[in-house]
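Structure data follow from run_14.csv (CSV, C-alpha atoms and all ligand atoms):
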chain,number,residue,atom,x,y,z
T,1,MET,CA,-7.7,-10.3,-10.2
T,2,ARG,CA,-7.3,-6.6,-10.4
T,3,PHE,CA,-3.8,-5.1,-11.0
T,4,GLY,CA,-2.4,-2.0,-9.4
T,5,ILE,CA,1.0,-0.4,-9.3
T,6,GLU,CA,2.7,1.6,-6.7
T,7,PHE,CA,4.9,4.7,-7.4
T,8,VAL,CA,7.1,6.3,-4.8
T,9,PRO,CA,7.6,10.0,-5.4
T,10,SER,CA,11.3,9.8,-4.6
T,11,ASP,CA,11.3,10.0,-8.4
T,12,PRO,CA,10.4,13.3,-10.0
T,13,THR,CA,6.7,13.8,-10.6
T,14,LEU,CA,6.9,14.1,-14.4
T,15,LYS,CA,8.8,10.8,-14.5
T,16,ILE,CA,6.0,9.1,-12.4
T,17,ALA,CA,3.4,10.6,-14.7
T,18,TYR,CA,5.2,9.0,-17.7
T,19,TYR,CA,5.2,5.6,-15.9
T,20,ALA,CA,1.5,6.1,-14.9
T,21,LYS,CA,0.4,6.6,-18.5
T,22,LEU,CA,2.4,3.6,-19.5
T,23,ALA,CA,0.7,1.5,-16.7
T,24,GLU,CA,-2.7,2.6,-17.9
T,25,GLN,CA,-1.9,1.5,-21.4
T,26,GLN,CA,-0.7,-1.8,-20.1
T,27,GLY,CA,-4.0,-2.6,-18.4
T,28,PHE,CA,-3.4,-1.7,-14.8
T,29,GLU,CA,-6.6,-0.6,-13.0
T,30,TYR,CA,-5.1,1.3,-10.0
T,31,ILE,CA,-2.1,3.6,-9.4
T,32,TRP,CA,-1.1,4.1,-5.8
T,33,ILE,CA,1.2,6.9,-4.7
T,34,THR,CA,3.0,6.6,-1.3
T,35,ASP,CA,2.9,9.5,1.2
T,36,HIS,CA,6.1,10.3,3.2
T,37,TYR,CA,7.1,13.9,4.1
T,38,ASN,CA,10.6,13.4,2.7
T,39,ASN,CA,9.4,12.6,-0.8
T,40,ARG,CA,7.5,14.7,-3.3
T,41,ASP,CA,3.9,15.5,-2.3
T,42,VAL,CA,1.3,12.8,-2.9
T,43,TYR,CA,-1.5,15.2,-4.1
T,44,SER,CA,0.7,17.1,-6.5
T,45,ASN,CA,1.6,13.7,-8.0
T,46,LEU,CA,-2.0,12.6,-8.2
T,47,THR,CA,-3.0,15.8,-9.9
T,48,VAL,CA,-0.4,15.5,-12.6
T,49,ILE,CA,-1.3,11.8,-13.0
T,50,ALA,CA,-5.0,12.7,-13.3
T,51,LEU,CA,-4.2,15.1,-16.1
T,52,ASN,CA,-2.1,12.6,-18.0
T,53,THR,CA,-4.4,9.5,-17.8
T,54,ASN,CA,-8.0,8.8,-18.7
T,55,ASN,CA,-9.4,5.7,-17.1
T,56,ILE,CA,-7.2,4.3,-14.4
T,57,LYS,CA,-8.1,4.8,-10.7
T,58,ILE,CA,-5.6,6.8,-8.7
T,59,GLY,CA,-5.1,7.1,-5.0
T,60,SER,CA,-2.9,7.8,-2.0
T,61,GLY,CA,-1.3,4.5,-0.9
T,62,VAL,CA,-1.3,5.5,1.9
T,63,THR,CA,-1.7,8.9,3.6
T,64,ASN,CA,-2.4,9.2,7.3
T,65,SER,CA,-4.3,11.4,9.8
T,66,TYR,CA,-1.3,12.6,11.8
T,67,THR,CA,0.5,14.8,9.3
T,68,ARG,CA,-2.8,15.9,7.7
T,69,ASN,CA,-6.0,16.7,9.5
T,70,PRO,CA,-8.9,14.4,8.2
T,71,ALA,CA,-10.8,17.5,7.0
T,72,ILE,CA,-7.8,18.5,4.8
T,73,THR,CA,-7.5,14.9,3.5
T,74,ALA,CA,-11.3,14.9,2.7
T,75,SER,CA,-10.8,18.1,0.7
T,76,SER,CA,-7.6,17.0,-1.0
T,77,ILE,CA,-8.9,13.6,-2.2
T,78,ALA,CA,-12.2,15.1,-3.3
T,79,SER,CA,-10.2,17.6,-5.4
T,80,ILE,CA,-8.4,14.7,-7.1
T,81,ALA,CA,-11.8,13.1,-7.7
T,82,GLU,CA,-13.1,16.2,-9.4
T,83,ILE,CA,-9.9,16.7,-11.5
T,84,SER,CA,-9.8,13.1,-12.6
T,85,GLY,CA,-13.5,12.7,-13.3
T,86,GLY,CA,-14.3,10.5,-10.4
T,87,ARG,CA,-11.3,8.2,-10.5
T,88,ALA,CA,-9.9,8.9,-7.0
T,89,VAL,CA,-9.5,6.4,-4.2
T,90,LEU,CA,-8.3,7.2,-0.7
T,91,GLY,CA,-5.7,5.0,0.9
T,92,LEU,CA,-5.3,5.8,4.5
T,93,GLY,CA,-3.3,4.2,7.3
T,94,PRO,CA,-1.8,4.8,10.7
T,95,GLY,CA,1.4,6.1,9.0
T,96,ASP,CA,5.1,5.5,9.3
T,97,LYS,CA,6.4,6.1,12.9
T,98,SER,CA,10.0,6.7,11.9
T,99,THR,CA,8.9,9.7,9.8
T,100,PHE,CA,6.7,11.1,12.5
T,101,ASP,CA,9.6,10.9,15.1
T,102,VAL,CA,11.7,13.3,13.0
T,103,MET,CA,8.7,15.7,12.6
T,104,GLY,CA,8.1,15.7,16.4
T,105,ILE,CA,4.6,14.1,15.9
T,106,LYS,CA,3.4,11.7,18.6
T,107,TRP,CA,2.0,8.4,17.2
T,108,GLU,CA,-0.7,8.0,19.8
T,109,LYS,CA,-3.6,5.5,19.4
T,110,PRO,CA,-3.1,4.7,15.8
T,111,LEU,CA,-6.0,2.3,15.6
T,112,VAL,CA,-8.6,4.6,17.1
T,113,THR,CA,-7.2,7.6,15.2
T,114,THR,CA,-7.4,5.9,11.9
T,115,LYS,CA,-10.9,4.6,12.6
T,116,GLU,CA,-12.2,8.1,13.6
T,117,ALA,CA,-10.5,9.7,10.6
T,118,ILE,CA,-12.3,7.4,8.2
T,119,GLN,CA,-15.6,8.1,9.9
T,120,ALA,CA,-15.0,11.8,9.7
T,121,ILE,CA,-13.8,11.8,6.0
T,122,ARG,CA,-16.9,9.7,5.0
T,123,SER,CA,-19.2,12.1,6.7
T,124,LEU,CA,-17.5,15.1,5.1
T,125,HIS,CA,-17.7,13.4,1.7
T,126,GLU,CA,-21.5,12.9,2.3
T,127,GLY,CA,-21.7,16.7,2.6
T,128,LYS,CA,-22.4,16.7,6.3
T,129,LYS,CA,-21.4,19.4,8.8
T,130,VAL,CA,-19.3,17.2,11.0
T,131,TYR,CA,-19.1,17.5,14.8
T,132,MET,CA,-16.9,14.8,16.2
T,133,ASP,CA,-15.7,14.5,19.7
T,134,GLY,CA,-13.7,11.3,19.2
T,135,GLU,CA,-10.9,10.0,21.4
T,136,THR,CA,-8.3,11.7,19.1
T,137,ILE,CA,-10.2,13.3,16.2
T,138,LYS,CA,-12.1,16.5,17.1
T,139,LEU,CA,-14.1,18.4,14.5
T,140,ALA,CA,-16.4,21.2,15.5
T,141,GLY,CA,-18.7,21.7,12.6
T,142,ALA,CA,-16.4,21.2,9.6
T,143,ARG,CA,-18.1,21.0,6.2
T,144,LEU,CA,-16.8,20.8,2.6
T,145,ALA,CA,-18.0,23.7,0.4
T,146,PHE,CA,-18.1,21.5,-2.7
T,147,ASN,CA,-19.5,18.2,-3.7
T,148,ALA,CA,-17.1,15.3,-3.2
T,149,GLY,CA,-19.2,12.3,-4.3
T,150,LYS,CA,-18.5,8.8,-3.1
T,151,ILE,CA,-14.8,8.0,-2.8
T,152,PRO,CA,-13.8,4.5,-1.9
T,153,ILE,CA,-11.6,4.3,1.2
T,154,TYR,CA,-8.8,1.7,1.5
T,155,LEU,CA,-7.1,1.0,4.8
T,156,GLY,CA,-3.3,0.3,4.9
T,157,ALA,CA,-3.1,-2.5,7.5
T,158,GLN,CA,-0.9,-5.3,8.7
T,159,GLY,CA,-1.7,-5.8,12.4
T,160,PRO,CA,-4.6,-8.1,13.5
T,161,LYS,CA,-6.8,-5.3,14.9
T,162,MET,CA,-6.2,-3.0,12.0
T,163,LEU,CA,-7.1,-5.8,9.5
T,164,GLU,CA,-10.3,-6.5,11.5
T,165,LEU,CA,-11.1,-2.8,11.4
T,166,ALA,CA,-10.6,-2.8,7.6
T,167,GLY,CA,-13.3,-5.6,7.4
T,168,GLU,CA,-15.6,-3.5,9.4
T,169,ILE,CA,-15.3,-0.1,7.8
T,170,ALA,CA,-13.2,0.0,4.6
T,171,ASP,CA,-14.0,-0.6,0.9
T,172,GLY,CA,-10.6,-2.2,0.5
T,173,VAL,CA,-7.4,-3.0,2.4
T,174,LEU,CA,-3.8,-2.5,1.3
T,175,ILE,CA,-1.7,-5.2,3.0
T,176,ASN,CA,2.1,-4.9,2.7
T,177,ALA,CA,2.8,-8.6,2.1
T,178,SER,CA,3.5,-11.0,-0.8
T,179,HIS,CA,3.2,-14.5,0.5
T,180,PRO,CA,0.0,-16.7,0.8
T,181,LYS,CA,0.9,-17.6,4.4
T,182,ASP,CA,0.5,-14.0,5.4
T,183,PHE,CA,-2.7,-13.6,3.5
T,184,GLU,CA,-4.2,-16.8,5.1
T,185,VAL,CA,-3.9,-15.0,8.5
T,186,ALA,CA,-4.9,-11.6,7.1
T,187,VAL,CA,-8.1,-12.8,5.4
T,188,GLU,CA,-9.3,-14.5,8.6
T,189,GLN,CA,-8.9,-11.2,10.5
T,190,ILE,CA,-10.7,-9.2,7.8
T,191,ARG,CA,-13.5,-11.8,7.8
T,192,LYS,CA,-13.9,-11.2,11.6
T,193,GLY,CA,-14.5,-7.5,10.9
T,194,VAL,CA,-16.9,-8.2,8.0
T,195,ASP,CA,-18.9,-10.6,10.1
T,196,LYS,CA,-19.1,-8.1,13.0
T,197,VAL,CA,-21.1,-5.7,10.8
T,198,GLY,CA,-23.0,-8.3,8.7
T,199,HIS,CA,-21.2,-7.6,5.5
T,200,ASP,CA,-19.8,-10.0,2.9
T,201,LEU,CA,-16.0,-10.6,2.4
T,202,SER,CA,-16.5,-10.0,-1.3
T,203,GLU,CA,-17.4,-6.3,-0.5
T,204,VAL,CA,-13.7,-5.7,0.5
T,205,ASP,CA,-11.0,-5.4,-2.1
T,206,ILE,CA,-8.3,-7.4,-0.5
T,207,THR,CA,-5.1,-6.0,-1.9
T,208,ALA,CA,-1.6,-7.5,-1.8
T,209,TYR,CA,0.7,-4.4,-1.7
T,210,THR,CA,3.8,-6.3,-2.7
T,211,CYS,CA,7.5,-6.0,-3.3
T,212,PHE,CA,7.4,-7.0,-7.0
T,213,SER,CA,10.3,-7.5,-9.3
T,214,VAL,CA,10.0,-9.0,-12.8
T,215,ASP,CA,12.5,-9.6,-15.5
T,216,PRO,CA,13.2,-12.2,-18.2
T,217,ASP,CA,16.4,-12.9,-16.3
T,218,PRO,CA,15.3,-14.2,-12.8
T,219,VAL,CA,18.7,-13.4,-11.2
T,220,LYS,CA,18.4,-9.8,-12.2
T,221,ALA,CA,14.8,-9.7,-10.8
T,222,VAL,CA,16.0,-11.1,-7.5
T,223,ASN,CA,19.0,-8.7,-7.2
T,224,ALA,CA,16.7,-5.7,-7.8
T,225,ALA,CA,14.4,-6.9,-5.0
T,226,LYS,CA,17.1,-7.5,-2.4
T,227,VAL,CA,17.4,-4.1,-0.8
T,228,ILE,CA,13.6,-3.7,-0.5
T,229,VAL,CA,13.4,-7.1,1.1
T,230,ALA,CA,16.1,-6.2,3.5
T,231,PHE,CA,14.0,-3.2,4.7
T,232,ILE,CA,11.0,-5.5,5.0
T,233,VAL,CA,12.9,-8.0,7.1
T,234,ALA,CA,14.2,-5.2,9.3
T,235,GLY,CA,10.7,-3.9,9.9
T,236,SER,CA,9.0,-7.3,10.3
T,237,SER,CA,7.6,-8.5,13.6
T,238,ASP,CA,9.0,-11.7,15.2
T,239,ILE,CA,5.7,-13.5,14.5
T,240,VAL,CA,6.0,-12.8,10.8
T,241,LEU,CA,9.6,-13.9,10.7
T,242,GLU,CA,8.8,-17.1,12.6
T,243,ARG,CA,5.9,-17.8,10.2
T,244,HIS,CA,8.4,-17.9,7.4
T,245,LYS,CA,11.0,-19.8,9.4
T,246,ILE,CA,13.5,-16.9,9.1
T,247,PRO,CA,15.9,-16.7,12.1
T,248,ILE,CA,15.0,-13.8,14.4
T,249,GLU,CA,18.7,-12.7,14.6
T,250,ALA,CA,18.7,-12.0,10.8
T,251,LYS,CA,16.6,-9.0,11.6
T,252,SER,CA,19.3,-7.3,13.8
T,253,GLN,CA,22.1,-8.3,11.4
T,254,ILE,CA,20.2,-6.7,8.5
T,255,SER,CA,19.3,-3.6,10.5
T,256,ALA,CA,22.9,-3.1,11.4
T,257,ALA,CA,24.0,-3.4,7.7
T,258,ILE,CA,21.3,-0.9,6.7
T,259,ALA,CA,22.4,1.5,9.5
T,260,LYS,CA,26.0,1.3,8.1
T,261,ALA,CA,24.7,1.5,4.5
T,262,ASP,CA,26.6,-1.8,3.9
T,263,PHE,CA,24.6,-2.8,0.9
T,264,GLY,CA,27.4,-5.0,-0.4
T,265,THR,CA,27.0,-7.4,2.5
T,266,LEU,CA,23.2,-7.2,2.3
T,267,MET,CA,23.3,-8.1,-1.4
T,268,SER,CA,25.9,-10.9,-1.2
T,269,GLU,CA,25.2,-12.5,2.2
T,270,LEU,CA,22.4,-11.3,4.4
T,271,VAL,CA,19.3,-11.3,2.1
T,272,THR,CA,18.7,-15.0,1.5
T,273,SER,CA,16.5,-16.7,-1.1
T,274,GLN,CA,14.2,-17.7,1.8
T,275,MET,CA,13.6,-14.0,2.5
T,276,ILE,CA,13.0,-13.2,-1.1
T,277,GLU,CA,10.5,-16.1,-1.3
T,278,ALA,CA,8.7,-14.8,1.8
T,279,PHE,CA,8.6,-11.1,1.1
T,280,ALA,CA,8.6,-10.6,-2.7
T,281,ILE,CA,6.8,-11.6,-5.9
T,282,CYS,CA,9.9,-12.1,-7.9
T,283,GLY,CA,11.4,-13.7,-11.1
T,284,THR,CA,10.3,-14.2,-14.7
T,285,PRO,CA,6.7,-13.3,-15.7
T,286,GLU,CA,5.8,-17.0,-15.3
T,287,ASP,CA,7.2,-17.1,-11.8
T,288,CYS,CA,5.3,-14.0,-10.9
T,289,MET,CA,2.1,-15.3,-12.5
T,290,LYS,CA,2.3,-18.5,-10.3
T,291,SER,CA,2.6,-16.4,-7.1
T,292,ILE,CA,-0.3,-14.2,-8.2
T,293,ASN,CA,-2.5,-17.3,-8.8
T,294,ASP,CA,-1.6,-18.6,-5.3
T,295,LEU,CA,-2.7,-15.3,-3.8
T,296,GLU,CA,-5.9,-15.3,-5.7
T,297,ALA,CA,-6.7,-18.8,-4.4
T,298,ILE,CA,-6.6,-17.4,-0.9
T,299,GLY,CA,-8.9,-14.5,-1.5
T,300,VAL,CA,-6.6,-11.7,-2.7
T,301,THR,CA,-8.6,-9.5,-5.2
T,302,GLN,CA,-5.9,-7.0,-6.2
T,303,VAL,CA,-2.2,-7.3,-6.6
T,304,VAL,CA,-0.2,-4.1,-6.5
T,305,ALA,CA,3.2,-4.2,-8.1
T,306,GLY,CA,5.2,-2.3,-5.6
T,307,SER,CA,8.9,-1.3,-5.5
T,308,PRO,CA,11.1,-2.1,-7.3
T,309,ILE,CA,8.7,-3.4,-10.0
T,310,GLY,CA,11.7,-4.7,-11.8
T,311,PRO,CA,15.4,-3.9,-12.5
T,312,ASP,CA,14.2,-1.8,-15.4
T,313,LYS,CA,10.9,-0.1,-14.4
T,314,GLU,CA,9.7,0.7,-17.9
T,315,LYS,CA,10.5,-2.8,-19.3
T,316,ALA,CA,8.9,-4.3,-16.2
T,317,ILE,CA,5.6,-2.4,-16.6
T,318,LYS,CA,5.4,-3.5,-20.2
T,319,LEU,CA,6.3,-7.1,-19.3
T,320,ILE,CA,3.6,-7.2,-16.6
T,321,GLY,CA,1.0,-5.8,-19.1
T,322,LYS,CA,1.9,-8.2,-21.9
T,323,GLU,CA,3.0,-11.4,-20.1
T,324,ILE,CA,0.8,-11.3,-16.9
T,325,ILE,CA,-2.3,-9.0,-17.1
T,326,ALA,CA,-3.1,-10.0,-20.7
T,327,LYS,CA,-2.8,-13.7,-19.9
T,328,MET,CA,-4.8,-13.8,-16.6
K,401,LIG,N1,2.9,4.5,5.7
K,401,LIG,C1,3.2,5.7,5.3
K,401,LIG,O1,3.5,6.5,6.2
K,401,LIG,N2,3.2,6.1,4.0
K,401,LIG,C2,2.9,5.2,3.0
K,401,LIG,O2,2.9,5.6,1.8
K,401,LIG,C3,2.5,3.9,3.4
K,401,LIG,C4,2.1,2.9,2.4
K,401,LIG,C5,1.6,1.7,2.9
K,401,LIG,C6,1.0,0.8,1.9
K,401,LIG,C7,0.5,-0.4,2.4
K,401,LIG,C8,0.5,-0.7,3.7
K,401,LIG,O3,-0.1,-1.8,4.1
K,401,LIG,C9,1.1,0.1,4.7
K,401,LIG,C10,1.6,1.4,4.2
K,401,LIG,N3,2.2,2.3,5.2
K,401,LIG,C11,2.5,3.5,4.8
K,401,LIG,C12,2.3,1.9,6.6
K,401,LIG,C13,1.0,2.1,7.4
K,401,LIG,O4,0.8,3.5,7.5
K,401,LIG,C14,1.2,1.5,8.8
K,401,LIG,O5,2.3,2.0,9.4
K,401,LIG,C15,1.3,0.0,8.7
K,401,LIG,O6,0.2,-0.5,7.9
K,401,LIG,C16,1.3,-0.6,10.1
K,401,LIG,O7,0.1,-0.6,10.7
K,401,LIG,P1,-0.4,-1.8,11.5
K,401,LIG,O8,-1.6,-2.4,10.7
K,401,LIG,O9,0.6,-2.8,11.9
K,401,LIG,O10,-1.0,-1.0,12.7
K,401,LIG,C17,-0.3,-0.7,13.8
K,401,LIG,C18,-0.7,0.7,14.2
K,401,LIG,C19,-0.6,-1.6,15.0
K,401,LIG,O11,0.2,-1.6,16.0
K,401,LIG,N4,-1.7,-2.2,15.0
K,401,LIG,C20,-2.2,-3.1,16.0
K,401,LIG,C21,-3.0,-4.2,15.4
K,401,LIG,O12,-3.2,-5.2,16.0
K,401,LIG,O13,-3.5,-4.0,14.3
K,401,LIG,C22,-3.2,-2.4,16.9
K,401,LIG,C23,-2.5,-1.6,18.0
K,401,LIG,C24,-3.6,-0.9,18.9
K,401,LIG,O14,-4.6,-1.5,19.2
K,401,LIG,N5,-3.4,0.3,19.3
K,401,LIG,C25,-4.3,1.0,20.1
K,401,LIG,C26,-4.9,2.2,19.3
K,401,LIG,O15,-5.9,2.7,19.7
K,401,LIG,O16,-4.2,2.5,18.3
K,401,LIG,C27,-3.6,1.7,21.3
K,401,LIG,C28,-3.0,0.8,22.2
K,401,LIG,C29,-2.3,1.6,23.4
K,401,LIG,O17,-1.8,0.9,24.3
K,401,LIG,O18,-2.3,2.8,23.3
Can the structure in the file be given as structure tokens, please?
Amino acid sequence: MRFGIEFVPSDPTLKIAYYAKLAEQQGFEYIWITDHYNNRDVYSNLTVIALNTNNIKIGSGVTNSYTRNPAITASSIASIAEISGGRAVLGLGPGDKSTFDVMGIKWEKPLVTTKEAIQAIRSLHEGKKVYMDGETIKLAGARLAFNAGKIPIYLGAQGPKMLELAGEIADGVLINASHPKDFEVAVEQIRKGVDKVGHDLSEVDITAYTCFSVDPDPVKAVNAAKVIVAFIVAGSSDIVLERHKIPIEAKSQISAAIAKADFGTLMSELVTSQMIEAFAICGTPEDCMKSINDLEAIGVTQVVAGSPIGPDKEKAIKLIGKEIIAKM
């Protein structure tokens, strides 16, 4: 099992760089930085992290091809590869519709757009002059003026078609989920894509991009995860909720509480232990280790400790290093 960690640049960049260095010391292999326009910029964060770490791989987790043209993304991540001595990985997904709406960006054909963007970025990294008359991506002779080298591309995916596409064309897939039931379904979809192109499933780094919360006190760990789990429930499809036997009406109740910023009711009533179990890896290091072992048995090859990581981030990073990574 590989271990990654997600940082959200709602925190200041220098604070993230401090956590990043700590994560490297604790044995994590990947750092993933989220990309949303309202947070600090992903590539500024990756640059500062590159300069403050030595071995850990660093990537966008995930950027998209709506807010950034694929040629710009190809150049940005290749710059990070150069600055970091070849440690860059590109996480790319269809993006977050709610942030596009406020920027006036239309979210058209996310599957096709993401596929074409990956093809374009790969060709640019191979040093080619790229002409692409795709359904949505159009390039008319774009070429990078410096050597990018080979940069692994991970696809951010949840939907069945997107997961299949990841199996077909990506080096890895970042799946926002935490429970074995969701990965049973996901792995089958990825396998379909892999089979289509005659590859082997082992060539894809199947990554659980989890809501993770660890603390010696399991109650504190659960409380720290509740707000994140509330957002996950509010954004989950009915199929996913049914899979976990969570009543569909819970989604609208939680969405209403989020809209009113009624975090008291969320914390005390609406987010149930069943939801925590379905959508987070949570509890003592031993609890978390058990969940990680269950994921590994299903085919997950990387676990990313995503927000909140724990009620005390620094303590949680050290705890994961000492009590989980070192013991796996
Ligand atoms: N989004 C961000 O904006 N920033 C982040 O930092 C971020 C991190 C992140 C990490 C892991 C992860 O898994 C996702 C992450 N996301 C982040 C969200 C990500 O960008 C996507 O929003 C998320 O993964 C949801 O994507 P999805 O896999 O559910 O795909 C959507 C587009 C979907 O509907 N997929 C369908 C499917 O079955 O997979 C396919 C729909 C389809 O076929 N559409 C056709 C097409 O061409 O797109 C068009 C159909 C038509 O009628 O037009």
Produce as an MDAnalysis selection string the set of residues near ligand LIG 401 (chain K), where near means within 8 Å with only C-alpha atoms and all ligand atoms considered.
-> chainID T and resid 8 33:36 60:64 91:97 99 108:114 155:164 173:177 209
Using only C-alpha atoms, which of the listed residues (T:Gly299, T:Pro247, T:Gly4, T:Pro285) sits closest to Ser213 (chain T)?
->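 Closest residue, counting only C-alpha atoms: T:Pro285.
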Work out how far CA of Gln25 (chain T) is from CA of Val48 (chain T), in Å to one decimal.
-> 16.6 Å
In Å, with one decimal, what is the gap from CA of Ala326 (chain T) to CA of Leu201 (chain T)?
-> 26.5 Å
Measure the distance from CA of Ser307 (chain T) to CA of Gln189 (chain T) in Å and round it to one decimal.
->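 Those two atoms sit 25.9 Å apart.
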Write out as an mmCIF file with C-alpha atoms, keeping the file's coordinate frame the residues lying within 10 Å of region 223-226 of chain T, counting only C-alpha atoms and excluding same-chain residues fewer than 5 positions away.
data_model
loop_
_atom_site.group_PDB
_atom_site.id
_atom_site.type_symbol
_atom_site.label_atom_id
_atom_site.label_comp_id
_atom_site.auth_asym_id
_atom_site.auth_seq_id
_atom_site.Cartn_x
_atom_site.Cartn_y
_atom_site.Cartn_z
ATOM 1 C CA CYS T 211 7.500 -6.000 -3.300
ATOM 2 C CA PHE T 212 7.400 -7.000 -7.000
ATOM 3 C CA SER T 213 10.300 -7.500 -9.300
ATOM 4 C CA VAL T 214 10.000 -9.000 -12.800
ATOM 5 C CA ASP T 215 12.500 -9.600 -15.500
ATOM 6 C CA PRO T 218 15.300 -14.200 -12.800
ATOM 7 C CA PHE T 231 14.000 -3.200 4.700
ATOM 8 C CA ILE T 232 11.000 -5.500 5.000
ATOM 9 C CA PHE T 263 24.600 -2.800 0.900
ATOM 10 C CA LEU T 266 23.200 -7.200 2.300
ATOM 11 C CA MET T 267 23.300 -8.100 -1.400
ATOM 12 C CA SER T 268 25.900 -10.900 -1.200
ATOM 13 C CA LEU T 270 22.400 -11.300 4.400
ATOM 14 C CA VAL T 271 19.300 -11.300 2.100
ATOM 15 C CA THR T 272 18.700 -15.000 1.500
ATOM 16 C CA SER T 273 16.500 -16.700 -1.100
ATOM 17 C CA MET T 275 13.600 -14.000 2.500
ATOM 18 C CA ILE T 276 13.000 -13.200 -1.100
ATOM 19 C CA PHE T 279 8.600 -11.100 1.100
ATOM 20 C CA ALA T 280 8.600 -10.600 -2.700
ATOM 21 C CA ILE T 281 6.800 -11.600 -5.900
ATOM 22 C CA CYS T 282 9.900 -12.100 -7.900
ATOM 23 C CA GLY T 283 11.400 -13.700 -11.100
ATOM 24 C CA SER T 307 8.900 -1.300 -5.500
ATOM 25 C CA PRO T 308 11.100 -2.100 -7.300
ATOM 26 C CA ILE T 309 8.700 -3.400 -10.000
ATOM 27 C CA GLY T 310 11.700 -4.700 -11.800
ATOM 28 C CA PRO T 311 15.400 -3.900 -12.500
ATOM 29 C CA ASP T 312 14.200 -1.800 -15.400
#
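Residue nearest Val222 (chain T), chosen from T:Ala120, T:Tyr131, T:Asp287, T:Asp41 and counting all atoms listed in the file: T:Asp287.
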With 5 Å on each side, where is the centre of the axis-aligned box around all listed atoms of region 74-81 of chain T, and how long are its edges in Å to one decimal, as lines of an AutoDock Vina configuration file?
center_x = -9.9
center_y = 15.6
center_z = -2.5
size_x = 14.6
size_y = 15.0
size_z = 20.4
Using all atoms listed in the file, pick whichever of T:Ile169, T:Val227, T:Ile206, T:Ala250 has the shortest atom-to-atom distance to Met1 (chain T).
->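 For Met1 (chain T), the nearest of the candidates is T:Ile206.
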Find the residue from T:Ser44, T:Ser65, T:Ser76, T:Thr284 that sits nearest to Val219 (chain T); use only C-alpha atoms when measuring.
->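 Checking each candidate against Val219 (chain T), we get T:Thr284 as the closest.
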At the level of N, CA, C and O atoms, write region 148-158 of chain T to a file as a PDB file, in the first residue's frame, please.
ATOM      1  N   ALA T 148       9.711  18.168 -21.121  1.00  0.00           N
ATOM      2  CA  ALA T 148       8.868  17.875 -19.951  1.00  0.00           C
ATOM      3  C   ALA T 148       9.199  16.527 -19.316  1.00  0.00           C
ATOM      4  O   ALA T 148       9.063  16.352 -18.108  1.00  0.00           O
ATOM      5  N   GLY T 149       9.597  15.564 -20.104  1.00  0.00           N
ATOM      6  CA  GLY T 149       9.797  14.204 -19.595  1.00  0.00           C
ATOM      7  C   GLY T 149       8.462  13.515 -19.381  1.00  0.00           C
ATOM      8  O   GLY T 149       7.400  14.082 -19.680  1.00  0.00           O
ATOM      9  N   LYS T 150       8.524  12.298 -18.854  1.00  0.00           N
ATOM     10  CA  LYS T 150       7.268  11.538 -18.674  1.00  0.00           C
ATOM     11  C   LYS T 150       6.674  11.868 -17.312  1.00  0.00           C
ATOM     12  O   LYS T 150       7.324  11.694 -16.277  1.00  0.00           O
ATOM     13  N   ILE T 151       5.463  12.361 -17.317  1.00  0.00           N
ATOM     14  CA  ILE T 151       4.784  12.713 -16.056  1.00  0.00           C
ATOM     15  C   ILE T 151       3.530  11.846 -15.928  1.00  0.00           C
ATOM     16  O   ILE T 151       2.645  11.901 -16.785  1.00  0.00           O
ATOM     17  N   PRO T 152       3.441  11.035 -14.864  1.00  0.00           N
ATOM     18  CA  PRO T 152       2.243  10.189 -14.711  1.00  0.00           C
ATOM     19  C   PRO T 152       0.975  11.039 -14.612  1.00  0.00           C
ATOM     20  O   PRO T 152       0.980  12.105 -13.991  1.00  0.00           O
ATOM     21  N   ILE T 153      -0.100  10.538 -15.216  1.00  0.00           N
ATOM     22  CA  ILE T 153      -1.379  11.260 -15.167  1.00  0.00           C
ATOM     23  C   ILE T 153      -2.410  10.409 -14.425  1.00  0.00           C
ATOM     24  O   ILE T 153      -2.667   9.254 -14.778  1.00  0.00           O
ATOM     25  N   TYR T 154      -2.980  11.001 -13.380  1.00  0.00           N
ATOM     26  CA  TYR T 154      -4.031  10.362 -12.588  1.00  0.00           C
ATOM     27  C   TYR T 154      -5.355  11.050 -12.917  1.00  0.00           C
ATOM     28  O   TYR T 154      -5.421  12.286 -12.991  1.00  0.00           O
ATOM     29  N   LEU T 155      -6.393  10.241 -13.065  1.00  0.00           N
ATOM     30  CA  LEU T 155      -7.712  10.800 -13.374  1.00  0.00           C
ATOM     31  C   LEU T 155      -8.566  10.829 -12.102  1.00  0.00           C
ATOM     32  O   LEU T 155      -8.674   9.804 -11.404  1.00  0.00           O
ATOM     33  N   GLY T 156      -9.150  11.976 -11.786  1.00  0.00           N
ATOM     34  CA  GLY T 156     -10.107  12.085 -10.681  1.00  0.00           C
ATOM     35  C   GLY T 156     -11.449  11.588 -11.196  1.00  0.00           C
ATOM     36  O   GLY T 156     -11.989  12.166 -12.136  1.00  0.00           O
ATOM     37  N   ALA T 157     -11.979  10.517 -10.611  1.00  0.00           N
ATOM     38  CA  ALA T 157     -13.178   9.897 -11.188  1.00  0.00           C
ATOM     39  C   ALA T 157     -14.044   9.239 -10.132  1.00  0.00           C
ATOM     40  O   ALA T 157     -13.536   8.673  -9.162  1.00  0.00           O
ATOM     41  N   GLN T 158     -15.365   9.308 -10.354  1.00  0.00           N
ATOM     42  CA  GLN T 158     -16.332   8.595  -9.515  1.00  0.00           C
ATOM     43  C   GLN T 158     -17.333   7.825 -10.365  1.00  0.00           C
ATOM     44  O   GLN T 158     -17.742   6.734 -10.020  1.00  0.00           O
TER      45      GLN T 158
END
